[in-house]
Every structure is written in C-alpha cells, then in structure tokens.
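Before any comments, here is the structure.
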Amino acid sequence: MIEPNRQGEVWVFAEQEDGSLHDVSLELCEKARDLADRLGVRMAALLPGWNVRELSYRLIAHGADRVYCVHDTRLEHYRTLPYARVVCRLIQKYRPQIVMYGATPLGRDLAPRVASEMKAGLTADCTDLEIGDYTDPRSKKVHRNLLLQIRPAFGGNIIATIVNHDWWPQMATVREGVMRMGPGDPRRRGEIVDEKVELDDLDAAVRLIERHREPRKVNLKAARVIVAGGAGVGSRENFRLIHELAGAIGGAVGASRAAVDSGFIGKEHQIGQTGTTVRPALYIACGISGAVQHRAGMEESAKIIAINWDREAPIFSVAHYGIVGDLAKVIPMMIKAIKERGSSADVRPS
Amino acid sequence: MPYDCVVCVKQVPDTANITGEAMKADGTVNRAALPAIFNPEDLNALEVALDVRDHHGGTVTALTMGPLSACEVLRECLYRGADRAILITDRRAAGSDTLATSYILSCAIRTIGRYDLVLCGRQAIDGDTAQVGPQLAEKLGLPQITYFERFIEIGPARSPGPRGGGPVVRVRRNVGNGWEVLEARLPLLLTVLDTANEPRPPAARRVMRFKRARALDEVAREVAADMPDASAAQREVEQARRIERLKMQGLLIEQWNLDDIRADPSRCGIAGSPTKVHRIQSIVLKKEGYTDVPPTEEGIRKMIQELVVDHTIG
C-alpha cells in the first residue's frame with residue numbers, strides 16, 4: 001500500500017493489443033480527466049507494450065496530461081507477471097491516488113494481481129465513479145475527496161458505493177461502454193515519459209505458446225446496453241433508427257428472428273433461443289412482439305424497455321418500461337432525451 | 001505422475017433466483033430467504049481437479065472459508081470425489097473483502113503445504129469480482145492462468161534447463177475475443193470458466209457415506225441438541241468420542257481458525273480489508289407489471305432520467 005497522496009495523479013491503465021488501443025481505455029481517460037480536474041491534479045495514462053509509443057497521442061487527445069511508456073519486447077503480448085511488475089513499479093515510483101482499468105479479460109487478470117502486491121483496495125466492474133467525502137462510521141473521521149466506486153452487487157439487485165480511504169492507490173475496473181467517449185481533441189498537448197522496468201527474472205514463469213484473436217465482431221454478450229429491432233421496424237431502411245439509438249446510448253444492435261428472416265440485419269445480431277442469449281443492464285426492444293423464443297434469450301436483462309404499437313404484445317409481460325407508440329416518433333425522442341441527459345440532471349426545478 | 005490439487009470453493013446466495021419469497025413487500029431483496037448454493041464456477045474448478053486426479057493420480061483437497069453452514073459445499077465436494085475437506089471459520093474473518101479473503105486462503109494453503117495446482121472458479125455470483133483467484137496467486141507467489149478452458153498437455157518438463165525440472169503444463173485460456181495457449185511450470189493457480197467442462201453429479205455411494213461427514217462445531221451443536229440435560233463435562237466427553245469416530249471413518253471435515261493457519265488477524269476481516277462499503281441502495285424489482293411511459297418527450301425524458309439515476313446508463 002502507499003500512503004494517501006493528495007497530489008497524486010489519476011491514472012488509467014492503457015490497454016492495447018496488436019498496436020491498437022482498447023476503446024475502454026479512451027473512455028476511462030475522459031472519465032479520469034473529469035476526476036483529475038475535480039481534484040486539481042494531473043491525469044496520466046500508463047502504456048506498456050512494444051512499439052506502441054505513437055498510441056500516446058490518442059491518450060493525450062482523450063485527456064491525458066502525461067503518458068508513461070514502457071517499451072520492452074517482452075511486453076508485446078500481455079502476460080500477467082511482467083505487466084503486473086510494470087504497473088506496481090510505476091505506482092511505487094509516482095504514487096498516483098487513483099488507478100483505473102478496463103474490466104476486460106486483461107484488466108480483470110491484471111488489476112487484482114496488482115492490488116494484491118500493492119495491498120490496495122480494488123472494486124470490480126464499476127458503473128460510475130465520483131469524487132466525494134466519506135465519514136468513517138466508527139471513528140467519525142471525515143475523509144475528503146475520495147473516489148466513490150459505484151457498482152451493482154448481489155446479482156445486480158443492489159447498488160453499492162465502495163470507498164478505500166487509506167490503503168492507496170484507490171483502484172477500480174470499469175466495463176467497456178459504461179463511460180462516454182467523445183471524439184477527442186487532437187490539439188491537446190501532453191508529455192510522454194519513457195520508463196524502464198526490470199523484467200529479466202520474470203521471463204521464464206509463463207510462456208505464450210500460441211494466440212488466436214477473432215476479428216472484432218458483434219459482441220452481444222459483452223454489451224451493457226442492447227437495442228434490438230423486430231418485424232415491427234418494417235424495413236431495412238427503418239432499421240437505421242435502431243442503429244442510431246444504439247449509437248446514441250453506446251449500445252450494441254440486436255434483432256429478433258423475424259427481423260433477421262426479413263433481411264433487415266445479419267444473423268450474427270439475432271437474440272433468442274436460436275441466437276445469442278443476453279443479459280445486459282438495459283435491453284430496448286423496438287417493434288418486437290416478444291415470442292417466447294425471443295423472450296428466452298433476453299428476459300434476464302436487468303432492465304427492459306419495450307416499444308410497440310400493440311399494447312397486447314407479449315413483450316410487455318417482461319418489460320420494466322413499456323411505451324405504446326410509433327417507433328419512428330418514439331426513437332428520435334429517446335435519442336434526444338439521451339443526448340440531453342447530462343444537462344437536464346443539473347437543472348433544478350424553479 | 002500424481003498431482004496434488006487444492007480447490008477453493010464458496011457457498012453463495014442464489015442471486016439468480018430472486019423471485020417470490022425472496023422479495024420483500026417493498027421490492028427489496030430478503031437475503032435470508034435466498035437459498036445458499038455451491039458457487040457454480042467452483043464446481044467447474046472442482047471438476048478440473050477431479051479429472052486431473054482421475055487421470056494422473058494425486059489428491060483433491062476442497063477448501064472453503066465461511067460460516068459453519070459452508071460445510072454443506074464441502075460435503076458436496078466429498079460427494080463428487082474430493083479426498084479431503086477443510087473449513088476455515090473464524091468470527092475475526094467476517095467482513096473480509098477480496099484482499100483479506102485471499103490472504104486467509106493463502107495462509108490455509110500454506111498450512112496444507114503440498115500442492116501442484118490451486119484451482120478457483122472464475123468468479124462468485126454474489127460479488128462477480130473475479131479477484132480472489134489472481135490475488136491468491138500473488139499471495140502464494142504463484143503464476144496464474146485465468147479463464148482456463150482446458151489442458152493441452154500435463155506432464156514432466158521435457159528438457160530440464162533454465163526453466164527448471166518441475167512439471168510443465170500447457171493450458172488453453174479463453175480471452176473473450178480469442179484464445180491463447182500458455183505454458184507454465186507447476187505449482188500454478190488456475191481460475192476456471194463455466195465452459196471448461198460439465199461438472200459431474202454427486203455419486204450415490206459417496207452421498208450415502210459422506211452425508212455423515214461433520215466439522216467440529218457441527219458435532220458440538222449436535223451433541224448439545226442430543227443431550228440437553230447433560231453437564232458440560234459430559235457433553236465434552238461425548239463430543240470427543242464422536243470426533244474420534246468420525247476421524248477413524250474418514251468423515252471429519254477439518255475445521256481451522258485463524259490461529260491454526262497462523263494468519264495475522266490485522267490482515268483479516270474488516271481490519272484487513274481496504275475497501276469499505278459506503279452505502280447500499282436496493283434496486284426495487286417489480287414482480288409484475290411495468291411502468292407505462294407515454295410516448296411523449298416528457299414521458300421519455302423522465303424514463304431516461306430514472307435510468308441515469310439508477311446507473312443503468314451513464
């Protein structure tokens with residue numbers, strides 16, 4: 001553990017694979033930028049790899065003041081021990097106050113290893129991060145400006161806010177797509193700091209023999225939000241509405257079998273008994289009547305919004321929110337409400 | 001050659017079946033009404049260990065930390081073929097987060113002493129953190145391979161050399177958008193995915209035998225219930241007699257406290273946990289019916305705000 005360090009930077013572990021950055025790292029940079037501004041400290045990204053220095057500019061465009069680059073051929077492909085060594089050594093050297101990781105398979109392998117070595121707290125799969133105060137219920141001591149780590153727990157039935165007030169750094173993993181990502185500002189300036197970390201003694205422990213990566217495709221299972229269209233969408237052209245809503249909310253596009261069979265969208269998007277079974281945080285069913293085969297593939301979603309003309313459609317039996325109406329009108333209203341959600345939350349009733 | 005495996009298992013509330021009595025009138029979760037189950041992916045980890053032993057020889061030790069009721073998952077391990085079952089139970093361990101839990105498990109595994117493979121399920125369904133496995137590996141100074149799918153090869157080192165002479169395994173792990181094969185020397189920690197295998201059901205003959213397996217405190221409770229009018233001394237004698245008999249029959253679940261595993265109490269429980277719960281909000285679940293949202297700008301804006309407030313969307 002490191003002692004609380006109020007001047008410490010806010011860090012993001014920058015995940016890259018085969019020379020490209022993972023989106024979640026850029027999303028986290030923007031969140032970390034906000035947190036660092038609230039704390040009045042620098043925001044930095046930590047970028048281990050081989051021949052990845054040029055990725056620093058994207059991290060800077062998305063908010064980093066500094067990028068710590070660690071170049072080593074042994075960091076070309078992720079392996080737990082060398083990566084954990086790099087992160088731990090740099091934490092010890094720079095004493096950041098917050099370190100964030102994407103809750104990807106890599107981040108979920110790396111972050112707990114680092115947390116254990118550093119004896120630091122770690123909260124998995126946060127859905128939000130804020131800065132706030134915490135009063136210790138026993139000592140009544142007030143800890144100011146801590147990282148509030150907000151996450152669902154207990155199978156998604158409760159929301160817990162976790163803090164870590166003395167075993168620093170404060171660390172969290174965050175799922176892909178939870179934080180919003182803007183376009184980035186290529187004119188932003190930042191500093192690239194090259195670092196070296198001794199890895200010789202670790203090289204023998206685990207060897208990578210073979211690796212295979214699927215081209216990135218529709219990953220419905222990992223999506224936190226899914227916007228799905230059915231026969232009620234009407235045509236391939238109208239399906240653009242579904243894509244637009246998914247784009248606005250940062251979700252994946254799904255479809256019912258009827259929509260796939262009608263040629264509105266490819267089969268890889270199909271959800272249901274014969275397609276993919278999903279349980280996202282939010283499922284928006286647009287023009288889907290909700291045959292039992294479809295419901296079987298999505299009814300365990302934490303929240304379901306159903307939009308349909310037909311008030312009697314069976315999809316409403318599993319919905320948490322039901323909107324009876326015309327997709328062509330309702331979806332643009334939803335996109336508008338989503339885009340305005342940040343500003344309207346701050347508006348107080350007069 | 002034989003391999004000694006330690007499998008870490010956890011008893012968890014069945015968070016997947018929150019319906020009916022598990023819901024309170026206000027729509028929040030009634031934890032007490034939730035059945036306790038064997039954490040699903042821990043069964044996959046147990047199956048990997050049993051399979052290794054069945055093919056190569058060795059032993060399978062099931063280890064759990066929890067209240068006395070966690071003996072139930074240890075008996076489940078015995079029904080499926082585990083050779084030995086150990087319960088770590090201690091009030092000072094209550095409130096442990098993943099860091100403290102991994103520390104306690106590491107002390108227990110050091111006490112066990114001999115192990116080639118330490119296995120955990122990928123994650124537990126009550127917390128979904130997937131942290132204890134990697135943290136335990138670090139505490140034991142072992143390499144880790146998470147998201148285990150299967151062994152490609154288990155065997156002695158082909159060429160002793162700089163990599164040493166210990167047995168070497170090749171493991172295929174699933175990383176979501178692909179897979180990789182890693183080679184590592186034992187001892188090693190694995191976290192196992194639910195797609196790794198089909199866990200075997202309990203064996204009827206073993207159920208008949210091991211349903212009588214008991215830990216020390218379970219025996220004490222039973223003696224107290226069976227001999228309500230006896231003196232403390234009489235109960236103690238009876239308890240010792242029953243323990244001795246269980247031991248001879250190979251039916252004693254070993255019960256360890258923090259002192260037995262030489263754990264530093266300041267690193268356990270709430271004292272040893274960096275993360276503190278600041279607040280908890282229950283999400284109100286509706287058993288039936290839905291919120292009827294009018295197809296108007298105002299109605300939709302209100303719905304989106306609700307979803308922002310409950311963190312469904314960022």
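Residue numbers start at 1 in each chain; chains themselves are named A, B, ... in the order of the structure tokens; ligands are numbered from 1 in the order shown.
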Within 12 Å of Tyr290 of chain B, counting only C-alpha atoms, which residues qualify if same-chain residues fewer than 2 places away don't, as number ranges by chain?
-> A: 303-306, 311, 315-324; B: 285-288, 292-293, 303
Can you list every residue in segment 173-319 of chain A that DSSP puts in strand (DSSP E or B), as a PyMOL selection string?
-> chain A and resi 173-174+191-195+206-213+225-229+252-255+270-271+276+282-286+303-308
Which value, in Å to one decimal, gives the distance between atom CA of Pro4 of chain A and atom CA of Leu140 of chain B?
->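 Going from atom CA of Pro4 of chain A over to atom CA of Leu140 of chain B covers 26.8 Å.
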Which residues of chain A come within 7 Å of chain B, and for each one, what is the closest pair of atoms and their distance in Å to one decimal, counting only C-alpha atoms, sorted by chain and residue number, as JSON lines?
```
{"residue": "A:Pro105", "atom": "CA", "partner": "B:Val175", "partner_atom": "CA", "distance": 5.8}
{"residue": "A:Arg108", "atom": "CA", "partner": "B:Ala130", "partner_atom": "CA", "distance": 6.9}
{"residue": "A:Asp109", "atom": "CA", "partner": "B:Pro134", "partner_atom": "CA", "distance": 6.6}
{"residue": "A:Pro112", "atom": "CA", "partner": "B:Gln131", "partner_atom": "CA", "distance": 5.2}
{"residue": "A:Arg113", "atom": "CA", "partner": "B:Gln135", "partner_atom": "CA", "distance": 5.2}
{"residue": "A:Ser116", "atom": "CA", "partner": "B:Gln135", "partner_atom": "CA", "distance": 5.1}
{"residue": "A:Glu117", "atom": "CA", "partner": "B:Glu138", "partner_atom": "CA", "distance": 6.6}
{"residue": "A:Ala120", "atom": "CA", "partner": "B:Pro274", "partner_atom": "CA", "distance": 6.3}
{"residue": "A:Gly121", "atom": "CA", "partner": "B:Pro274", "partner_atom": "CA", "distance": 4.8}
{"residue": "A:Ala124", "atom": "CA", "partner": "B:Thr129", "partner_atom": "CA", "distance": 5.3}
{"residue": "A:Thr127", "atom": "CA", "partner": "B:His311", "partner_atom": "CA", "distance": 6.6}
{"residue": "A:Ala153", "atom": "CA", "partner": "B:Gly127", "partner_atom": "CA", "distance": 5.7}
{"residue": "A:Phe154", "atom": "CA", "partner": "B:Asp126", "partner_atom": "CA", "distance": 4.7}
{"residue": "A:Gly155", "atom": "CA", "partner": "B:Thr15", "partner_atom": "CA", "distance": 5.1}
{"residue": "A:Asn157", "atom": "CA", "partner": "B:Ile283", "partner_atom": "CA", "distance": 5.5}
{"residue": "A:Ile158", "atom": "CA", "partner": "B:Ser282", "partner_atom": "CA", "distance": 4.4}
{"residue": "A:Ile159", "atom": "CA", "partner": "B:Gln281", "partner_atom": "CA", "distance": 5.1}
{"residue": "A:Ala160", "atom": "CA", "partner": "B:Ile280", "partner_atom": "CA", "distance": 4.5}
{"residue": "A:Thr161", "atom": "CA", "partner": "B:Arg279", "partner_atom": "CA", "distance": 5.2}
{"residue": "A:Ile162", "atom": "CA", "partner": "B:Val277", "partner_atom": "CA", "distance": 4.6}
{"residue": "A:Val163", "atom": "CA", "partner": "B:Lys276", "partner_atom": "CA", "distance": 5.3}
{"residue": "A:Asn164", "atom": "CA", "partner": "B:Thr275", "partner_atom": "CA", "distance": 4.7}
{"residue": "A:Trp167", "atom": "CA", "partner": "B:Pro274", "partner_atom": "CA", "distance": 5.5}
{"residue": "A:Val178", "atom": "CA", "partner": "B:Gly314", "partner_atom": "CA", "distance": 5.9}
{"residue": "A:Met179", "atom": "CA", "partner": "B:Gly314", "partner_atom": "CA", "distance": 6.2}
{"residue": "A:Ala204", "atom": "CA", "partner": "B:Arg163", "partner_atom": "CA", "distance": 6.1}
{"residue": "A:Ala205", "atom": "CA", "partner": "B:Ala184", "partner_atom": "CA", "distance": 6.1}
{"residue": "A:Val206", "atom": "CA", "partner": "B:Ala184", "partner_atom": "CA", "distance": 4.6}
{"residue": "A:Arg207", "atom": "CA", "partner": "B:Glu183", "partner_atom": "CA", "distance": 5.0}
{"residue": "A:Leu208", "atom": "CA", "partner": "B:Leu182", "partner_atom": "CA", "distance": 4.6}
{"residue": "A:Ile209", "atom": "CA", "partner": "B:Val181", "partner_atom": "CA", "distance": 5.4}
{"residue": "A:Glu210", "atom": "CA", "partner": "B:Val181", "partner_atom": "CA", "distance": 5.0}
{"residue": "A:Arg211", "atom": "CA", "partner": "B:Glu180", "partner_atom": "CA", "distance": 4.1}
{"residue": "A:His212", "atom": "CA", "partner": "B:Trp179", "partner_atom": "CA", "distance": 5.3}
{"residue": "A:Arg213", "atom": "CA", "partner": "B:Gly178", "partner_atom": "CA", "distance": 4.2}
{"residue": "A:Glu214", "atom": "CA", "partner": "B:Gly178", "partner_atom": "CA", "distance": 5.3}
{"residue": "A:Ala281", "atom": "CA", "partner": "B:Thr312", "partner_atom": "CA", "distance": 6.0}
{"residue": "A:Leu282", "atom": "CA", "partner": "B:Thr312", "partner_atom": "CA", "distance": 6.6}
{"residue": "A:Ser317", "atom": "CA", "partner": "B:Gly289", "partner_atom": "CA", "distance": 6.9}
{"residue": "A:Ala319", "atom": "CA", "partner": "B:Tyr290", "partner_atom": "CA", "distance": 5.9}
{"residue": "A:His320", "atom": "CA", "partner": "B:Tyr290", "partner_atom": "CA", "distance": 4.5}
{"residue": "A:Tyr321", "atom": "CA", "partner": "B:Thr291", "partner_atom": "CA", "distance": 4.7}
{"residue": "A:Gly322", "atom": "CA", "partner": "B:Asp292", "partner_atom": "CA", "distance": 5.1}
{"residue": "A:Ile323", "atom": "CA", "partner": "B:Val293", "partner_atom": "CA", "distance": 5.0}
{"residue": "A:Val324", "atom": "CA", "partner": "B:Pro295", "partner_atom": "CA", "distance": 6.7}
{"residue": "A:Gly325", "atom": "CA", "partner": "B:Pro295", "partner_atom": "CA", "distance": 5.9}
{"residue": "A:Val330", "atom": "CA", "partner": "B:Pro295", "partner_atom": "CA", "distance": 6.1}
{"residue": "A:Met333", "atom": "CA", "partner": "B:Glu297", "partner_atom": "CA", "distance": 5.8}
{"residue": "A:Met334", "atom": "CA", "partner": "B:Ile300", "partner_atom": "CA", "distance": 6.2}
{"residue": "A:Ala337", "atom": "CA", "partner": "B:Arg301", "partner_atom": "CA", "distance": 5.1}
{"residue": "A:Ile338", "atom": "CA", "partner": "B:Ile304", "partner_atom": "CA", "distance": 6.6}
{"residue": "A:Arg341", "atom": "CA", "partner": "B:Gln305", "partner_atom": "CA", "distance": 6.7}
```
Could you pull the residues within 10 Å of Thr135 of chain A, counting only C-alpha atoms, minus those fewer than 6 positions along the same chain, as an MDAnalysis selection string?
-> (chainID A and resid 141:144 165) or (chainID B and resid 278)
Do a neighbour search on Leu122 of chain A at 8 Å with only C-alpha atoms, toss out local chain neighbours closer than 4 positions, and write the hits as a list in words.
-> Ala111, Pro112, Ala115, Gln170, Met171, Ala172 and Thr173 of chain A; Thr275 of chain B
What does the file look like for those residues with C-alpha atoms, as a compact mmCIF listing (two decimals), in the first residue's frame?
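Output file out-v2.txt is given in full below:
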```
# COMPACT_ATOMS: atom_id res chain seq x y z
CA ALA A 111 -5.78 -5.41 -11.63
CA PRO A 112 -6.30 -7.92 -8.78
CA ALA A 115 -3.96 -4.85 -5.90
CA GLN A 170 -7.74 3.72 -4.97
CA MET A 171 -8.31 1.27 -7.80
CA ALA A 172 -11.30 0.26 -9.88
CA THR A 173 -12.17 -1.64 -13.03
CA THR B 275 -12.46 -1.44 0.64
```
What is the distance between atom CA of Glu9 of chain A and atom CA of Arg42 of chain A, in Å to one decimal?
->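 Computing the Euclidean distance for atom CA of Glu9 of chain A and atom CA of Arg42 of chain A yields 5.0 Å.
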Could you tell me, as an MDAnalysis selection string, which residues of segment 150-296 of chain A DSSP assigns to helix (DSSP H, G or I) when given the backbone?
-> chainID A and resid 200:202 231:233 240:249 257:261 267:269 292:295
Print the selection's residues with N, CA and C atoms to a file, as a tab-separated table (two decimals), in the first residue's frame.
```tsv
chain	number	residue	atom	x	y	z
A	200	ASP	N	13.82	-9.17	-16.33
A	200	ASP	CA	14.60	-10.37	-16.65
A	200	ASP	C	14.19	-11.60	-15.85
A	201	ASP	N	13.99	-11.39	-14.53
A	201	ASP	CA	13.77	-12.55	-13.67
A	201	ASP	C	12.40	-13.17	-13.86
A	202	LEU	N	11.49	-12.49	-14.56
A	202	LEU	CA	10.12	-13.00	-14.67
A	202	LEU	C	9.91	-13.80	-15.94
A	231	ALA	N	-39.75	-7.34	-36.32
A	231	ALA	CA	-40.50	-7.20	-37.56
A	231	ALA	C	-41.20	-5.85	-37.62
A	232	GLY	N	-41.60	-5.35	-36.46
A	232	GLY	CA	-42.32	-4.08	-36.39
A	232	GLY	C	-41.52	-2.88	-36.88
A	233	VAL	N	-40.21	-3.06	-37.05
A	233	VAL	CA	-39.40	-1.95	-37.57
A	233	VAL	C	-39.80	-1.68	-39.03
A	240	ARG	N	-32.24	1.65	-39.59
A	240	ARG	CA	-31.27	2.69	-39.29
A	240	ARG	C	-31.60	3.37	-37.96
A	241	LEU	N	-32.90	3.47	-37.65
A	241	LEU	CA	-33.31	4.05	-36.37
A	241	LEU	C	-32.72	3.27	-35.19
A	242	ILE	N	-32.70	1.96	-35.34
A	242	ILE	CA	-32.17	1.09	-34.28
A	242	ILE	C	-30.67	1.37	-34.11
A	243	HIS	N	-29.97	1.47	-35.24
A	243	HIS	CA	-28.53	1.76	-35.18
A	243	HIS	C	-28.28	3.13	-34.55
A	244	GLU	N	-29.12	4.09	-34.89
A	244	GLU	CA	-28.93	5.43	-34.35
A	244	GLU	C	-29.13	5.46	-32.84
A	245	LEU	N	-30.18	4.78	-32.39
A	245	LEU	CA	-30.43	4.74	-30.94
A	245	LEU	C	-29.28	4.03	-30.23
A	246	ALA	N	-28.81	2.93	-30.83
A	246	ALA	CA	-27.69	2.21	-30.22
A	246	ALA	C	-26.45	3.10	-30.17
A	247	GLY	N	-26.25	3.86	-31.22
A	247	GLY	CA	-25.10	4.77	-31.25
A	247	GLY	C	-25.20	5.83	-30.17
A	248	ALA	N	-26.40	6.37	-29.99
A	248	ALA	CA	-26.58	7.44	-29.02
A	248	ALA	C	-26.36	6.94	-27.59
A	249	ILE	N	-26.80	5.73	-27.33
A	249	ILE	CA	-26.74	5.24	-25.96
A	249	ILE	C	-25.47	4.43	-25.70
A	257	ARG	N	-35.66	-12.87	-34.51
A	257	ARG	CA	-35.54	-13.76	-35.65
A	257	ARG	C	-36.34	-13.22	-36.84
A	258	ALA	N	-37.50	-12.65	-36.54
A	258	ALA	CA	-38.35	-12.13	-37.62
A	258	ALA	C	-37.61	-11.05	-38.41
A	259	ALA	N	-36.87	-10.19	-37.69
A	259	ALA	CA	-36.14	-9.12	-38.37
A	259	ALA	C	-35.00	-9.70	-39.21
A	260	VAL	N	-34.34	-10.73	-38.69
A	260	VAL	CA	-33.25	-11.36	-39.43
A	260	VAL	C	-33.81	-12.07	-40.67
A	261	ASP	N	-34.90	-12.81	-40.47
A	261	ASP	CA	-35.51	-13.54	-41.59
A	261	ASP	C	-36.03	-12.59	-42.67
A	267	LYS	N	-27.58	-12.32	-39.36
A	267	LYS	CA	-27.93	-13.31	-38.35
A	267	LYS	C	-27.08	-13.20	-37.09
A	268	GLU	N	-25.86	-12.64	-37.24
A	268	GLU	CA	-24.99	-12.54	-36.05
A	268	GLU	C	-25.58	-11.61	-34.99
A	269	HIS	N	-26.64	-10.86	-35.37
A	269	HIS	CA	-27.28	-9.96	-34.41
A	269	HIS	C	-28.47	-10.61	-33.70
A	292	VAL	N	-42.08	-16.32	-27.29
A	292	VAL	CA	-41.38	-16.95	-26.16
A	292	VAL	C	-39.93	-17.26	-26.51
A	293	GLN	N	-39.67	-17.62	-27.79
A	293	GLN	CA	-38.29	-17.93	-28.19
A	293	GLN	C	-37.39	-16.69	-28.06
A	294	HIS	N	-37.94	-15.54	-28.32
A	294	HIS	CA	-37.14	-14.32	-28.17
A	294	HIS	C	-36.99	-13.97	-26.69
A	295	ARG	N	-38.07	-14.06	-25.96
A	295	ARG	CA	-38.02	-13.69	-24.54
A	295	ARG	C	-37.00	-14.56	-23.79
```
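Comparing the minimum interatomic distances between Ala285 of chain A and each of A:Gly266, A:Gly230, A:Pro48, A:Pro186, counting only C-alpha atoms, we find that A:Gly230 sits nearest.
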Residues within 8 Å of Arg80 of chain B, only C-alpha atoms, excluding chain neighbours under 2 positions, as a PyMOL selection string | chain B and resi 76-78+82+200-203+206
If you count only C-alpha atoms, which residues fall within 10 Å of segment 22-30 of chain A, apart from same-chain ones fewer than 3 positions away, as a count of residues only?
-> 40
Select, from B:Glu41, B:Gln239, B:Val207, B:Gly81, the residue with the minimum atom-to-atom distance to Arg221 of chain B, counting only C-alpha atoms.
-> B:Gln239
Distance query Ile86 of chain B at most 6 Å, only C-alpha atoms, self and fewer than 6 positions along chain excluded, as JSON, numbers by chain | {"B": [63, 253, 254, 255]}
Requested write-out: N, CA and C atoms of the selected residues, as an mmCIF file, in the first residue's frame:
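So out-v3.cif came out as:
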```cif
data_model
loop_
_atom_site.group_PDB
_atom_site.id
_atom_site.type_symbol
_atom_site.label_atom_id
_atom_site.label_comp_id
_atom_site.auth_asym_id
_atom_site.auth_seq_id
_atom_site.Cartn_x
_atom_site.Cartn_y
_atom_site.Cartn_z
ATOM 1 N N LEU B 63 -11.358 -26.611 -0.126
ATOM 2 C CA LEU B 63 -11.121 -25.617 0.921
ATOM 3 C C LEU B 63 -12.185 -24.540 0.803
ATOM 4 N N ILE B 253 -14.639 -33.350 8.731
ATOM 5 C CA ILE B 253 -14.279 -32.146 7.973
ATOM 6 C C ILE B 253 -13.364 -31.329 8.872
ATOM 7 N N GLU B 254 -12.166 -31.067 8.408
ATOM 8 C CA GLU B 254 -11.224 -30.325 9.252
ATOM 9 C C GLU B 254 -11.689 -28.889 9.402
ATOM 10 N N GLN B 255 -11.621 -28.381 10.613
ATOM 11 C CA GLN B 255 -12.083 -27.018 10.882
ATOM 12 C C GLN B 255 -10.920 -26.219 11.450
#
```
